[in-house]
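Heads up: the structure comes next, in C-alpha cells.
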Amino acid sequence: MEIRIERLTEDNFNSHSLDNFIRHQVVTECLRNVDGNWILLPVSFVEEWSLDKCREEASAIANNLYGGMIDYGAFEGTDLIGYITVGTKRLGTKGQYVQLVTFQVSEPFRGMGVGRKLFEKAAGAAKGHGAKKLYISAHSSKESQAAYKALGCVHAEEIIPWIADEEPFDVQMEYVL
C-alpha cells in the first residue's frame with residue numbers, strides 16, 4: 001500500500017471526494033473533567049457518517065481551498081483515506097497557536113501511520129505560518145485521546161473559549177512545534 005500526502009486543491013478534491021470515506025467509531029469511554037480531574041467515564045455511542053454527512057464535510061473542505069485554511073489529504077491511488085485542516089489565523093494571548101480544525105482517517109486505514117504523516121504535514125504548515133503550537137479541540141473518546149497523546153499532544157496551557165464552547169465535551173489540547 002503506497003500512501004501519498006498531498007496538499008488538497010481543486011484538482012484532487014471535490015464535493016464527492018469523501019463518498020467512500022468511512023467515519024465509523026464505536027465509543028465506550030470518554031475523558032471528562034470531574035472536579036478538576038480528567039477521568040475516563042463510561043459513555044457509549046457510535047459515530048457514523050452517512051453519505052450526506054460525508055458530502056457536507058467535503059463541501060466544507062472544498063470551500064477551505066480558497067483561503068484561510070491549509071488542507072492535506074492522504075491518498076491510496078485516487079481514494080482519499082484521510083485529511084487534515086489547519087487554520088492560518090493566529091490565536092491565543094500571545095498569538096502562539098494556529099488551530100488544527102479537522103483531522104480524520106478512514107476506519108480501514110487507522111493504525112497504519114496515515115494520521116501521523118498527515119499530522120506532521122499540518123505541524124509543518126503551522127510552523128511555516130509562525131505558530132509556536134497547534135491548538136486542538138480533540139474528541140474525548142479513549143481511542144482519540146490515545147492517538148493524540150501518541151503524537152505528542154498535551155492538555156492546552158491556554159483555553160480558547162470560543163473553540164471550547166463549540167464542543168463542550170472535547171478536550172482542549174496543544175502540540176508544541
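Ordered as shown in the C-alpha cells, chains take letters A, B, and onward, while each chain numbers its residues from 1 and ligands are numbered from 1 in the order shown.
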
*Write out as a PyMOL selection string each polymer residue whose atoms come within 10 Å of A:Glu158, counting only C-alpha atoms; drop sequence neighbours fewer than 5 positions from it.*
chain A and resi 92-93+96-97+135+172-174

Quick check for you: according to DSSP on this backbone, which residues of stretch 63-129 of chain A are classed as alpha helix (DSSP H)? Reply as a PDB file with N, CA and C atoms, in the first residue's frame.
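Output (out_18.pdb):
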ATOM      1  N   ASN A  63     -14.622  24.467   0.272  1.00  0.00           N
ATOM      2  CA  ASN A  63     -14.685  25.915   0.499  1.00  0.00           C
ATOM      3  C   ASN A  63     -13.398  26.437   1.131  1.00  0.00           C
ATOM      4  N   ASN A  64     -12.721  25.607   1.940  1.00  0.00           N
ATOM      5  CA  ASN A  64     -11.464  25.998   2.580  1.00  0.00           C
ATOM      6  C   ASN A  64     -10.341  26.194   1.575  1.00  0.00           C
ATOM      7  N   VAL A 114      -0.983   6.642   8.811  1.00  0.00           N
ATOM      8  CA  VAL A 114      -1.554   7.670   7.934  1.00  0.00           C
ATOM      9  C   VAL A 114      -1.771   8.964   8.713  1.00  0.00           C
ATOM     10  N   GLY A 115      -2.353   8.842   9.904  1.00  0.00           N
ATOM     11  CA  GLY A 115      -2.610  10.013  10.727  1.00  0.00           C
ATOM     12  C   GLY A 115      -1.331  10.739  11.103  1.00  0.00           C
ATOM     13  N   ARG A 116      -0.294   9.995  11.436  1.00  0.00           N
ATOM     14  CA  ARG A 116       0.990  10.607  11.817  1.00  0.00           C
ATOM     15  C   ARG A 116       1.553  11.409  10.645  1.00  0.00           C
ATOM     16  N   LYS A 117       1.489  10.860   9.438  1.00  0.00           N
ATOM     17  CA  LYS A 117       2.004  11.580   8.263  1.00  0.00           C
ATOM     18  C   LYS A 117       1.215  12.871   8.021  1.00  0.00           C
ATOM     19  N   LEU A 118      -0.109  12.787   8.146  1.00  0.00           N
ATOM     20  CA  LEU A 118      -0.932  13.985   7.983  1.00  0.00           C
ATOM     21  C   LEU A 118      -0.610  15.017   9.063  1.00  0.00           C
ATOM     22  N   PHE A 119      -0.490  14.547  10.295  1.00  0.00           N
ATOM     23  CA  PHE A 119      -0.216  15.439  11.416  1.00  0.00           C
ATOM     24  C   PHE A 119       1.121  16.158  11.230  1.00  0.00           C
ATOM     25  N   GLU A 120       2.120  15.437  10.761  1.00  0.00           N
ATOM     26  CA  GLU A 120       3.431  16.059  10.513  1.00  0.00           C
ATOM     27  C   GLU A 120       3.334  17.156   9.463  1.00  0.00           C
ATOM     28  N   LYS A 121       2.541  16.937   8.418  1.00  0.00           N
ATOM     29  CA  LYS A 121       2.342  17.973   7.393  1.00  0.00           C
ATOM     30  C   LYS A 121       1.664  19.196   8.000  1.00  0.00           C
ATOM     31  N   ALA A 122       0.638  18.945   8.814  1.00  0.00           N
ATOM     32  CA  ALA A 122      -0.087  20.045   9.452  1.00  0.00           C
ATOM     33  C   ALA A 122       0.834  20.833  10.380  1.00  0.00           C
ATOM     34  N   ALA A 123       1.658  20.133  11.147  1.00  0.00           N
ATOM     35  CA  ALA A 123       2.594  20.800  12.049  1.00  0.00           C
ATOM     36  C   ALA A 123       3.582  21.660  11.263  1.00  0.00           C
ATOM     37  N   GLY A 124       4.060  21.146  10.150  1.00  0.00           N
ATOM     38  CA  GLY A 124       4.963  21.919   9.301  1.00  0.00           C
ATOM     39  C   GLY A 124       4.294  23.165   8.746  1.00  0.00           C
ATOM     40  N   ALA A 125       3.033  23.034   8.345  1.00  0.00           N
ATOM     41  CA  ALA A 125       2.300  24.187   7.820  1.00  0.00           C
ATOM     42  C   ALA A 125       2.095  25.237   8.908  1.00  0.00           C
ATOM     43  N   ALA A 126       1.763  24.784  10.118  1.00  0.00           N
ATOM     44  CA  ALA A 126       1.552  25.706  11.232  1.00  0.00           C
ATOM     45  C   ALA A 126       2.845  26.452  11.561  1.00  0.00           C
ATOM     46  N   LYS A 127       3.930  25.727  11.592  1.00  0.00           N
ATOM     47  CA  LYS A 127       5.237  26.339  11.881  1.00  0.00           C
ATOM     48  C   LYS A 127       5.587  27.351  10.789  1.00  0.00           C
ATOM     49  N   GLY A 128       5.265  26.997   9.554  1.00  0.00           N
ATOM     50  CA  GLY A 128       5.517  27.898   8.436  1.00  0.00           C
ATOM     51  C   GLY A 128       4.729  29.191   8.520  1.00  0.00           C
TER      52      GLY A 128
END

Interface rows for stretch 99-150 of chain A against stretch 36-53 of chain A: nearest pair, Å to one decimal, 10 Å, only C-alpha atoms, as a Markdown table:
| residue | atom | partner | partner_atom | distance |
| --- | --- | --- | --- | --- |
| A:Ser140 | CA | A:Leu40 | CA | 9.1 |
| A:Ser141 | CA | A:Val43 | CA | 8.5 |
| A:Lys142 | CA | A:Leu40 | CA | 7.4 |

Please produce a file of the residues just selected, as a compact mmCIF listing (two decimals), in the first residue's frame, where the atoms kept are C-alpha atoms.
# COMPACT_ATOMS: atom_id res chain seq x y z
CA SER A 140 -12.78 12.91 24.22
CA SER A 141 -13.03 9.20 23.37
CA LYS A 142 -10.37 6.97 24.90

*Give the strand (DSSP E or B) residues of stretch 2-174 of chain A, as assigned by DSSP on the backbone, as a ChimeraX atom specification.*
/A:3-7,24-34,37-48,69-76,79-87,91,97-105,133-138,141,154-155,171-174

*Go through A:Ile84, A:Val26, A:Ala138, A:Leu91 one by one, measure the shortest atom-to-atom distance of each to A:Pro168 using only C-alpha atoms, and give the residue with the smallest value.*
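The answer is A:Ala138, which sits nearest to A:Pro168.
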
*Selection near stretch 9-19 of chain A, 7 Å with only C-alpha atoms, sequence-local residues under 4 positions removed, as a list in words*: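 Returned residues: Leu51, Cys54, Arg55, Ala58, Ser59, Ala62, Leu65 and Leu80 of chain A.
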
_Could you check the closest approach to A:Asp71 for each of A:Ile136, A:Gly95, A:Ile22, A:Ile5 and tell me which residue wins, using only C-alpha atoms?_
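That would be A:Ile5, the residue with the smallest distance to A:Asp71.
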
_Just checking: using only C-alpha atoms, which residue out of A:Leu8, A:Leu31, A:Ile159, A:Ile3 ends up closest to A:Thr85?_
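Closest to A:Thr85, using only C-alpha atoms: A:Leu8.
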
*Grab the atom CA of A:Ala131 to atom CA of A:Gly87 distance for me, in Å with one decimal place.*
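If I compute the distance from atom CA of A:Ala131 to atom CA of A:Gly87, I get 10.6 Å.
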
_Between atom CA of A:His139 and atom CA of A:Cys153 - distance in Å to one decimal_ =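 Separation between atom CA of A:Cys153 and atom CA of A:His139: 12.8 Å.
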
*Would you mind reading off the distance between atom CA of A:Gly68 and atom CA of A:Ala156, one decimal, in Å?*
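Separation of atom CA of A:Gly68 and atom CA of A:Ala156: 22.8 Å.
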
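Distances to A:Ala146 were evaluated for A:Val105, A:Arg7, A:Tyr72, A:Gly111 using only C-alpha atoms, and the minimum falls at A:Gly111.
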
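The smallest atom-to-atom distance between A:Pro108 and any of A:Thr88, A:Glu2, A:Ile81, A:Val171, using only C-alpha atoms, is found for A:Ile81.
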